[in-house]
$ cat query.cif   # mmCIF, C-alpha atoms
data_entry
#
loop_
_atom_site.label_atom_id
_atom_site.label_comp_id
_atom_site.auth_asym_id
_atom_site.auth_seq_id
_atom_site.Cartn_x
_atom_site.Cartn_y
_atom_site.Cartn_z
CA MET A 94 82.08 111.71 67.77
CA ASN A 95 82.87 115.04 69.48
CA ASP A 96 85.65 117.42 68.44
CA PHE A 97 87.91 116.21 71.21
CA ALA A 98 87.56 112.57 70.09
CA ARG A 99 88.30 113.43 66.46
CA GLU A 100 91.40 115.41 67.39
CA TRP A 101 92.92 113.42 70.26
CA ASP A 102 91.54 109.87 70.35
CA ALA A 103 94.62 108.21 68.84
CA ASP A 104 97.10 110.18 70.94
CA LEU A 105 95.06 109.65 74.09
CA ARG A 106 94.93 105.89 73.49
CA GLU A 107 98.67 105.72 72.98
CA PHE A 108 99.39 107.78 76.08
CA ALA A 109 96.97 105.80 78.27
CA GLU A 110 98.22 102.43 77.06
CA GLU A 111 101.85 103.30 77.73
CA LEU A 112 101.09 104.73 81.16
CA LEU A 113 99.07 101.65 82.13
CA ARG A 114 102.01 99.39 81.33
CA TYR A 115 104.01 100.86 84.21
CA ASP A 116 103.64 99.16 87.58
CA THR A 117 103.16 102.28 89.69
CA THR A 118 102.40 100.69 93.03
CA GLU A 119 103.74 102.54 96.07
CA ARG A 120 107.42 103.64 95.68
CA ASN A 121 107.55 102.42 92.05
CA GLU A 122 106.25 105.57 90.37
CA ALA A 123 109.51 107.12 89.14
CA PRO A 124 109.81 105.40 85.71
CA ALA A 125 106.22 106.30 84.82
CA GLN A 126 106.78 109.88 85.96
CA ARG A 127 109.81 110.16 83.68
CA PHE A 128 107.57 109.01 80.83
CA VAL A 129 104.88 111.56 81.76
CA ARG A 130 107.38 114.42 81.94
CA GLU A 131 108.94 113.48 78.60
CA ARG A 132 105.53 113.34 76.92
CA LEU A 133 104.50 116.66 78.44
CA ASP A 134 107.73 118.17 77.12
CA ASP A 135 107.03 116.72 73.66
CA LEU A 136 103.49 118.15 73.72
CA GLY A 137 104.74 121.67 74.42
CA PHE A 138 104.14 121.95 78.17
CA GLU A 139 106.60 123.73 80.42
CA THR A 140 107.33 121.08 83.04
CA TYR A 141 107.96 121.19 86.78
CA GLU A 142 108.96 118.44 89.17
CA TRP A 143 108.93 118.18 92.95
CA THR A 144 109.61 115.59 95.63
CA ALA A 145 107.93 115.74 99.02
CA ASP A 146 109.89 116.70 102.12
CA ALA A 147 109.26 114.01 104.74
CA GLU A 148 109.94 116.39 107.63
CA GLU A 149 107.43 118.90 106.28
CA LEU A 150 104.79 116.19 105.89
CA ALA A 151 105.52 114.84 109.38
CA SER A 152 104.72 118.27 110.81
CA HIS A 153 101.15 117.92 109.51
CA ASP A 154 98.59 116.20 111.75
CA SER A 155 97.51 113.84 108.97
CA PHE A 156 100.92 112.17 108.67
CA PRO A 157 102.93 110.05 111.13
CA ASP A 158 105.19 112.11 113.41
CA ASP A 159 108.29 110.19 112.36
CA PRO A 160 109.62 111.32 108.94
CA ASP A 161 111.20 107.88 108.47
CA GLU A 162 107.69 106.43 108.25
CA ILE A 163 106.87 108.58 105.21
CA PRO A 164 108.52 107.22 102.04
CA VAL A 165 109.38 110.10 99.71
CA ALA A 166 112.70 109.18 98.06
CA ASP A 167 112.64 108.73 94.27
CA ARG A 168 108.93 109.58 94.13
CA PRO A 169 108.70 112.69 91.93
CA SER A 170 105.48 114.45 91.06
CA VAL A 171 105.22 116.26 87.73
CA GLY A 172 103.36 119.35 86.55
CA GLY A 173 102.91 120.57 83.00
CA LEU A 174 102.05 124.22 82.29
CA LEU A 175 100.32 125.78 79.30
CA GLU A 176 99.96 129.58 79.25
CA LEU A 177 97.17 131.31 77.34
CA GLY A 178 97.12 134.93 76.15
CA ASP A 179 98.35 137.12 79.01
CA PRO A 180 98.68 134.48 81.77
CA ASP A 181 99.01 137.05 84.57
CA ALA A 182 95.72 138.65 83.54
CA GLY A 183 93.67 135.47 84.03
CA ARG A 184 93.08 132.61 86.39
CA THR A 185 95.11 129.43 86.88
CA LEU A 186 93.35 126.05 86.81
CA VAL A 187 94.96 122.77 87.86
CA LEU A 188 93.86 119.50 86.26
CA ASN A 189 95.11 116.79 88.58
CA GLY A 190 95.48 113.03 88.55
CA HIS A 191 97.48 110.52 90.55
CA VAL A 192 99.74 108.05 88.80
CA ASP A 193 100.06 105.53 91.63
CA VAL A 194 97.87 102.42 91.83
CA VAL A 195 97.09 99.76 94.41
CA PRO A 196 98.66 96.29 94.04
CA ALA A 197 97.03 93.78 91.69
CA ALA A 198 96.83 90.07 92.54
CA SER A 199 97.43 88.66 89.07
CA GLU A 200 95.79 85.32 89.92
CA SER A 201 92.48 87.17 90.29
CA TRP A 202 92.73 88.75 86.84
CA SER A 203 91.78 87.30 83.47
CA SER A 204 94.71 89.13 81.85
CA ASP A 205 98.01 90.73 82.87
CA PRO A 206 97.07 93.68 85.13
CA PHE A 207 99.81 95.82 83.64
CA GLU A 208 99.13 95.00 80.00
CA PRO A 209 96.18 97.08 78.75
CA THR A 210 93.53 94.88 77.16
CA TRP A 211 90.81 96.15 74.85
CA ARG A 212 87.42 94.47 74.64
CA GLU A 213 84.23 95.32 72.78
CA ILE A 214 80.90 94.50 74.42
CA ASP A 215 77.76 95.28 72.40
CA GLY A 216 79.66 97.91 70.43
CA ASP A 217 81.01 99.50 73.62
CA GLU A 218 84.81 99.66 73.72
CA ARG A 219 86.36 98.98 77.11
CA LEU A 220 89.90 99.09 78.46
CA THR A 221 91.08 96.77 81.23
CA ALA A 222 94.25 97.26 83.32
CA ARG A 223 95.24 98.19 86.85
CA GLY A 224 94.69 101.95 87.04
CA ALA A 225 92.34 102.12 84.05
CA ALA A 226 89.60 103.63 86.21
CA ASP A 227 91.64 104.77 89.22
CA MET A 228 92.92 106.86 87.61
CA LYS A 229 95.41 106.81 84.76
CA CYS A 230 92.78 107.27 82.05
CA GLY A 231 91.47 110.30 83.93
CA LEU A 232 95.00 111.66 84.11
CA ALA A 233 95.47 111.06 80.37
CA ALA A 234 92.19 112.89 79.69
CA CYS A 235 93.53 115.88 81.65
CA VAL A 236 96.64 116.05 79.45
CA PHE A 237 94.73 116.17 76.19
CA ALA A 238 91.95 118.37 77.54
CA ALA A 239 94.64 120.97 78.22
CA LYS A 240 95.98 120.49 74.68
CA GLN A 241 92.47 120.85 73.26
CA LEU A 242 92.07 124.15 75.07
CA ASP A 243 95.49 125.31 73.91
CA ALA A 244 94.68 124.39 70.30
CA THR A 245 91.26 126.05 70.16
CA ALA A 246 91.60 129.16 72.32
CA PRO A 247 95.26 130.14 72.72
CA ASN A 248 94.72 133.87 72.23
CA SER A 249 91.07 134.34 73.16
CA LEU A 250 91.67 133.46 76.82
CA ASP A 251 94.07 134.67 79.49
CA GLY A 252 95.39 132.40 82.19
CA ARG A 253 97.13 129.13 82.85
CA VAL A 254 96.28 125.44 82.80
CA VAL A 255 98.45 123.05 84.79
CA VAL A 256 98.25 119.28 84.43
CA GLU A 257 99.58 117.42 87.46
CA SER A 258 100.63 113.79 87.75
CA VAL A 259 101.15 113.20 91.45
CA VAL A 260 102.38 110.22 93.46
CA GLY A 261 101.26 108.56 96.65
CA GLU A 262 97.55 109.35 96.61
CA GLU A 263 96.63 105.81 97.58
CA SER A 264 98.88 106.02 100.65
CA GLY A 265 97.77 109.44 101.82
CA GLY A 266 98.53 112.02 99.17
CA VAL A 267 102.30 112.47 99.23
CA GLY A 268 102.64 114.42 95.97
CA ALA A 269 99.50 116.52 96.33
CA ALA A 270 100.23 117.21 100.00
CA ALA A 271 103.66 118.53 99.06
CA ALA A 272 102.18 120.69 96.29
CA ALA A 273 99.59 122.10 98.69
CA LEU A 274 101.97 122.76 101.58
CA SER A 275 104.75 124.25 99.41
CA ASN A 276 103.61 125.60 96.04
CA PRO A 277 105.99 124.17 93.40
CA TYR A 278 105.07 126.87 90.87
CA PRO A 279 106.03 130.55 90.59
CA PHE A 280 102.35 131.55 90.44
CA GLU A 281 99.22 131.03 92.52
CA ARG A 282 96.49 128.47 91.75
CA ASP A 283 92.86 129.56 91.68
CA ALA A 284 91.05 126.21 91.44
CA ALA A 285 91.52 122.55 90.63
CA ILE A 286 89.66 119.67 89.03
CA ILE A 287 90.72 116.16 90.01
CA ALA A 288 89.76 113.51 87.46
CA GLU A 289 88.86 110.75 89.92
CA PRO A 290 86.36 108.14 88.65
CA THR A 291 83.11 109.94 89.50
CA ASP A 292 80.82 108.47 86.81
CA LEU A 293 81.10 111.81 84.96
CA ARG A 294 79.41 113.66 87.82
CA PRO A 295 80.73 116.58 89.91
CA VAL A 296 81.81 115.62 93.43
CA THR A 297 82.11 118.52 95.85
CA ALA A 298 82.42 116.61 99.14
CA ALA A 299 84.74 113.75 100.03
CA GLU A 300 84.68 111.69 103.18
CA GLY A 301 87.66 111.50 105.47
CA SER A 302 89.01 108.50 107.35
CA LEU A 303 90.65 107.74 110.66
CA MET A 304 93.14 104.86 110.76
CA LYS A 305 93.59 103.19 114.15
CA ARG A 306 95.43 100.10 115.34
CA LEU A 307 93.94 98.11 118.22
CA ARG A 308 96.10 95.83 120.39
CA LEU A 309 94.59 93.45 122.94
CA GLU A 310 96.40 91.36 125.58
CA GLY A 311 95.04 88.09 126.94
CA ARG A 312 96.68 85.09 128.61
CA SER A 313 97.83 81.97 126.83
CA ALA A 314 97.01 78.42 127.89
CA HIS A 315 97.07 74.96 126.38
CA ALA A 316 94.00 74.27 124.29
CA ALA A 317 93.27 71.25 126.48
CA THR A 318 92.85 73.58 129.47
CA ARG A 319 91.56 76.65 127.73
CA TRP A 320 89.66 77.77 130.81
CA ARG A 321 93.00 78.69 132.36
CA GLY A 322 93.63 81.25 129.63
CA GLU A 323 92.13 84.59 128.71
CA ASP A 324 91.04 84.43 125.07
CA VAL A 325 91.33 87.78 123.25
CA LEU A 326 88.90 86.85 120.47
CA PRO A 327 85.60 87.20 122.39
CA ARG A 328 86.79 90.53 123.73
CA PHE A 329 87.72 91.68 120.24
CA GLU A 330 84.27 90.67 119.00
CA GLU A 331 82.72 92.71 121.80
CA ILE A 332 84.71 95.77 120.76
CA ARG A 333 83.89 95.15 117.11
CA ARG A 334 80.16 94.97 117.91
CA ALA A 335 80.41 98.20 119.89
CA PHE A 336 82.06 99.92 116.94
CA ARG A 337 79.45 98.53 114.54
CA ASP A 338 76.69 99.85 116.81
CA LEU A 339 78.42 103.22 116.86
CA GLU A 340 78.59 103.13 113.05
CA THR A 341 74.80 102.66 112.99
CA GLU A 342 74.25 105.46 115.50
CA ARG A 343 76.45 107.84 113.54
CA GLY A 344 74.61 106.99 110.33
CA GLU A 345 71.40 108.18 112.00
CA THR A 346 72.71 111.23 113.85
CA VAL A 347 75.50 112.58 111.62
CA THR A 348 73.69 113.74 108.52
CA HIS A 349 74.71 115.42 105.28
CA PRO A 350 72.44 116.07 102.28
CA LEU A 351 74.96 114.65 99.79
CA TYR A 352 75.18 111.33 101.66
CA ASP A 353 71.51 110.41 102.06
CA GLU A 354 71.75 107.87 99.22
CA PHE A 355 74.41 105.74 100.94
CA PRO A 356 73.18 102.85 103.10
CA VAL A 357 76.24 103.26 105.33
CA PRO A 358 77.46 106.86 105.02
CA TRP A 359 80.34 106.67 107.54
CA PRO A 360 81.62 103.08 107.32
CA VAL A 361 83.73 101.37 109.97
CA VAL A 362 85.82 98.51 108.60
CA VAL A 363 88.19 96.20 110.45
CA GLY A 364 90.42 95.53 107.48
CA ARG A 365 93.11 93.43 109.12
CA VAL A 366 93.22 91.12 112.15
CA GLU A 367 96.10 89.02 113.48
CA ALA A 368 95.73 86.93 116.62
CA GLY A 369 97.50 84.10 118.44
CA ASP A 370 100.58 82.14 117.51
CA TRP A 371 99.63 78.45 117.64
CA ALA A 372 96.50 76.45 116.85
CA SER A 373 96.72 74.54 120.11
CA SER A 374 97.06 77.61 122.33
CA VAL A 375 94.55 80.12 123.61
CA PRO A 376 95.26 83.34 121.65
CA ALA A 377 96.85 85.81 124.06
CA ASP A 378 97.38 88.77 121.75
CA LEU A 379 95.54 90.42 118.90
CA THR A 380 96.22 93.30 116.56
CA ALA A 381 93.48 94.80 114.40
CA GLU A 382 93.58 97.72 111.99
CA VAL A 383 90.43 99.80 111.68
CA ARG A 384 89.32 102.37 109.11
CA ILE A 385 86.65 104.79 110.40
CA GLY A 386 84.71 107.16 108.13
CA VAL A 387 84.72 110.89 108.89
CA ALA A 388 81.88 113.04 107.57
CA PRO A 389 82.40 116.39 105.83
CA GLY A 390 82.08 118.98 108.56
CA GLU A 391 83.71 116.74 111.14
CA THR A 392 87.39 116.45 111.99
CA VAL A 393 89.45 113.32 112.40
CA ALA A 394 90.19 114.34 116.01
CA GLU A 395 86.48 114.67 116.87
CA VAL A 396 85.64 111.24 115.47
CA GLU A 397 88.67 109.72 117.16
CA GLU A 398 87.45 111.00 120.53
CA THR A 399 84.02 109.44 119.91
CA PHE A 400 85.48 105.99 119.20
CA ASP A 401 88.00 106.25 122.04
CA GLN A 402 85.10 106.94 124.40
CA ARG A 403 83.08 103.96 123.12
CA LEU A 404 86.12 101.71 123.60
CA ALA A 405 86.56 103.07 127.13
CA GLU A 406 82.96 102.07 127.92
CA VAL A 407 83.61 98.50 126.76
CA VAL A 408 86.82 98.34 128.78
CA ALA A 409 85.15 99.63 131.93
CA ALA A 410 82.53 96.89 131.73
CA ASP A 411 85.08 94.06 131.49
CA ASP A 412 87.31 93.24 134.47
CA TRP A 413 90.09 91.74 132.36
CA LEU A 414 90.20 94.64 129.91
CA ALA A 415 90.04 97.13 132.76
CA ALA A 416 93.12 95.49 134.29
CA HIS A 417 94.81 95.11 130.90
CA PRO A 418 93.68 98.16 128.93
CA PRO A 419 94.02 97.82 125.15
CA GLU A 420 96.10 100.14 123.02
CA PHE A 421 94.21 102.06 120.36
CA GLU A 422 96.54 104.32 118.42
CA ARG A 423 96.68 106.06 115.07
CA PHE A 424 98.77 104.60 112.28
CA SER A 425 99.41 105.45 108.65
CA VAL A 426 97.96 108.65 107.16
CA GLN A 427 94.72 110.28 108.29
CA PHE A 428 92.32 111.66 105.68
CA GLU A 429 90.50 114.80 106.72
CA PRO A 430 87.19 115.23 104.85
CA SER A 431 86.81 118.01 102.33
CA GLU A 432 83.96 120.04 100.91
CA ILE A 433 83.48 123.13 98.80
CA ASP A 434 80.43 125.26 98.15
CA ALA A 435 78.43 124.32 95.08
CA ASP A 436 78.51 128.00 94.09
CA GLU A 437 82.28 127.99 93.54
CA PRO A 438 83.14 129.15 89.99
CA VAL A 439 85.01 125.92 89.22
CA VAL A 440 81.90 123.87 90.04
CA GLY A 441 79.79 126.06 87.77
CA ALA A 442 82.36 125.70 85.00
CA VAL A 443 82.16 121.90 85.19
CA GLN A 444 78.35 122.00 85.25
CA ARG A 445 78.15 124.25 82.19
CA ALA A 446 80.62 122.02 80.34
CA MET A 447 78.53 118.97 81.22
CA GLU A 448 75.39 120.62 79.86
CA ALA A 449 77.22 121.51 76.65
CA ASN A 450 78.08 117.84 76.23
CA ASP A 451 74.62 116.36 76.83
CA LEU A 452 75.28 115.53 80.50
CA GLY A 453 72.79 118.02 81.88
CA GLY A 454 69.79 117.68 84.13
CA SER A 455 70.17 115.90 87.46
CA ARG A 456 73.65 114.66 86.49
CA THR A 457 75.05 118.13 87.17
CA GLU A 458 73.92 118.13 90.80
CA PRO A 459 76.87 118.02 93.24
CA GLN A 460 77.62 114.62 94.75
CA GLY A 461 79.35 113.32 97.85
CA ALA A 462 81.93 110.52 97.87
CA THR A 463 82.52 108.02 100.66
CA TYR A 464 86.22 107.78 99.82
CA GLY A 465 89.04 110.18 100.54
CA ALA A 466 90.98 111.95 97.80
CA ASP A 467 93.69 114.52 97.14
CA ALA A 468 91.01 117.22 96.93
CA ARG A 469 91.37 117.72 100.68
CA TRP A 470 94.95 118.98 100.35
CA TYR A 471 94.06 121.69 97.84
CA VAL A 472 90.90 122.70 99.69
CA GLU A 473 92.93 123.03 102.90
CA ALA A 474 95.37 125.26 100.98
CA GLY A 475 92.51 127.55 99.92
CA ILE A 476 92.21 126.16 96.38
CA PRO A 477 88.57 125.26 95.56
CA THR A 478 88.64 121.75 94.13
CA VAL A 479 85.95 119.64 92.48
CA MET A 480 86.29 116.03 91.36
CA PHE A 481 85.04 115.01 87.93
CA GLY A 482 86.25 112.13 85.80
CA PRO A 483 85.51 109.00 83.78
CA GLY A 484 84.87 105.57 85.22
CA THR A 485 83.28 104.37 88.41
CA ILE A 486 84.70 103.90 91.88
CA GLU A 487 83.11 100.44 91.80
CA GLN A 488 85.91 99.40 89.43
CA ALA A 489 88.68 100.93 91.53
CA HIS A 490 90.96 98.42 93.30
CA PHE A 491 89.00 95.54 91.71
CA PRO A 492 90.32 92.60 89.63
CA ASP A 493 89.91 93.22 85.89
CA GLU A 494 89.59 96.97 86.54
CA THR A 495 87.82 98.34 83.47
CA ILE A 496 86.69 101.66 82.01
CA ARG A 497 84.42 102.51 79.08
CA TRP A 498 86.53 104.34 76.52
CA ALA A 499 83.63 106.53 75.43
CA GLU A 500 83.57 107.95 78.98
CA VAL A 501 87.25 108.86 78.76
CA LEU A 502 86.64 110.78 75.54
CA THR A 503 83.60 112.51 77.02
CA ALA A 504 85.60 113.43 80.12
CA GLY A 505 88.30 114.96 77.94
CA GLU A 506 85.77 117.15 76.14
CA VAL A 507 84.08 118.22 79.38
CA LEU A 508 87.40 118.99 81.07
CA ALA A 509 88.51 121.11 78.09
CA ASP A 510 85.19 122.99 78.05
CA ALA A 511 85.26 123.40 81.84
CA ALA A 512 88.75 124.90 81.70
CA LYS A 513 87.59 127.28 78.98
CA ALA A 514 84.53 128.30 81.02
CA PHE A 515 86.60 128.85 84.14
CA LEU A 516 89.22 130.97 82.38
CA LYS A 517 86.71 133.19 80.56
#

$ encode --input "query.cif" --output "structure tokens"
Amino acid sequence: MNDFAREWDADLREFAEELLRYDTTERNEAPAQRFVRERLDDLGFETYEWTADAEELASHDSFPDDPDEIPVADRPSVGGLLELGDPDAGRTLVLNGHVDVVPAASESWSSDPFEPTWREIDGDERLTARGAADMKCGLAACVFAAKQLDATAPNSLDGRVVVESVVGEESGGVGAAAAALSNPYPFERDAAIIAEPTDLRPVTAAEGSLMKRLRLEGRSAHAATRWRGEDVLPRFEEIRRAFRDLETERGETVTHPLYDEFPVPWPVVVGRVEAGDWASSVPADLTAEVRIGVAPGETVAEVEETFDQRLAEVVAADDWLAAHPPEFERFSVQFEPSEIDADEPVVGAVQRAMEANDLGGSRTEPQGATYGADARWYVEAGIPTVMFGPGTIEQAHFPDETIRWAEVLTAGEVLADAAKAFLK
């Protein structure tokens, strides 16, 4: 058992269990954030709170243009500050986690998703709840990593550590976007670590995503005389095949050294389709929502142009589509990709902390992630940001979402040591 586990295991368990009991799906984060702020106050942090400005977010290309489409009311984000030595003489490091979670279909779970359940498998203690991996346990580890640093090196280091609990990451990064666009603190931030579930490996590049809505128009007819109609489904399948072919082409031509291991580095997923209105009628309309991967080094706009062009080629080859051109428009929030140089001091600090905790060797090599994350907001604001945390993305958004508790304790120790290394 490491020093962090001996000192903070009980408190960390209590904090994580309580936080996991809150249903923090979109727009329901406020009660949990009150709990987080109260606990940070009790632990000796100086606390800050901010709520995003919908008009400010709407002015950013990643968000919808209409502020009314960006829910911000009663969705506070919270920051807790610990100052060490002469804070103005040192650096400031942010340890960040998001408190929001995706919905949980309780019928797919073996236990209540919002009641933390402990299990032991071959001597390995595991915690199951919605948000256990993504990413309330990572957030809890950040809190007590900061306290570990404060307890062991309050006067030997200069600088600041800020622990952030932000809202709305799953729906585009509302809390982190606000913190990046308008600094909520009276000091600058030099770097950040986000405790996403990275299998205790440093992630320096995160994929972006383009969200588009496709609308097709056909012509209805009675099923008994279907030849009189214009069925949208075959035309949708043609577009879908064209996009899948483009996904394959991009996987071969858009390369990045951190993404060689992924069989599909820039995935295209049609996540939602709605067509027709009656079983006995030829479907005359279809709406599909598409998520398109954007590689680090690309922009959402560049990838959008590529897919718009491929759609235009399909339309030009079909007389009906040419006469009834489909709509293909952005919706929701766009995720720009992010990447930082592996030589950034915050990356080196995480790597040295990993080595000090028996996570050295190839594990310290920077990784790429095929998901988007709040890192992009801080990187865009000029704040080098690396992701490192307990758990695996394979458990995120899944039924019976589970994390190994030993990983949470290891993450806490590494985060504390990384903060110490960065502030030295």

$ resolve_selection --input "query.cif" --expression "the PyMOL selection byres ((chain A and resi 226-243) around 7)" --output "CSV table (one decimal) with C-alpha atoms, keeping the file's coordinate frame"
chain,number,residue,atom,x,y,z
A,97,PHE,CA,87.9,116.2,71.2
A,101,TRP,CA,92.9,113.4,70.3
A,105,LEU,CA,95.1,109.6,74.1
A,108,PHE,CA,99.4,107.8,76.1
A,109,ALA,CA,97.0,105.8,78.3
A,113,LEU,CA,99.1,101.6,82.1
A,188,LEU,CA,93.9,119.5,86.3
A,189,ASN,CA,95.1,116.8,88.6
A,190,GLY,CA,95.5,113.0,88.6
A,191,HIS,CA,97.5,110.5,90.6
A,192,VAL,CA,99.7,108.0,88.8
A,224,GLY,CA,94.7,102.0,87.0
A,225,ALA,CA,92.3,102.1,84.0
A,244,ALA,CA,94.7,124.4,70.3
A,245,THR,CA,91.3,126.0,70.2
A,246,ALA,CA,91.6,129.2,72.3
A,247,PRO,CA,95.3,130.1,72.7
A,254,VAL,CA,96.3,125.4,82.8
A,256,VAL,CA,98.2,119.3,84.4
A,288,ALA,CA,89.8,113.5,87.5
A,289,GLU,CA,88.9,110.8,89.9
A,290,PRO,CA,86.4,108.1,88.6
A,482,GLY,CA,86.2,112.1,85.8
A,483,PRO,CA,85.5,109.0,83.8
A,484,GLY,CA,84.9,105.6,85.2
A,485,THR,CA,83.3,104.4,88.4
A,488,GLN,CA,85.9,99.4,89.4
A,489,ALA,CA,88.7,100.9,91.5
A,494,GLU,CA,89.6,97.0,86.5
A,495,THR,CA,87.8,98.3,83.5
A,496,ILE,CA,86.7,101.7,82.0
A,501,VAL,CA,87.2,108.9,78.8
A,504,ALA,CA,85.6,113.4,80.1
A,505,GLY,CA,88.3,115.0,77.9
A,506,GLU,CA,85.8,117.2,76.1
A,508,LEU,CA,87.4,119.0,81.1
A,509,ALA,CA,88.5,121.1,78.1
A,513,LYS,CA,87.6,127.3,79.0

$ closest_residue --input "query.cif" --among "A:Tyr471, A:Thr297, A:Ala316, A:Arg334" --to "A:Ile433" --atoms "all atoms listed in the file"
A:Thr297

$ closest_residue --input "query.cif" --among "A:Gly461, A:Arg497, A:Ala368, A:Pro196" --to "A:Pro350" --atoms "all atoms listed in the file"
A:Gly461

$ closest_residue --input "query.cif" --among "A:Val426, A:Ala416, A:Val267, A:Leu339" --to "A:Pro164" --atoms "all atoms listed in the file"
A:Val267

$ atom_distance --input "query.cif" --atom1 "atom CA of A:Gly268" --atom2 "atom CA of A:Ala222"
22.9 Å

$ atom_distance --input "query.cif" --atom1 "atom CA of A:Asn95" --atom2 "atom CA of A:Glu458"
23.3 Å

$ atom_distance --input "query.cif" --atom1 "atom CA of A:Glu257" --atom2 "atom CA of A:Arg114"
19.2 Å
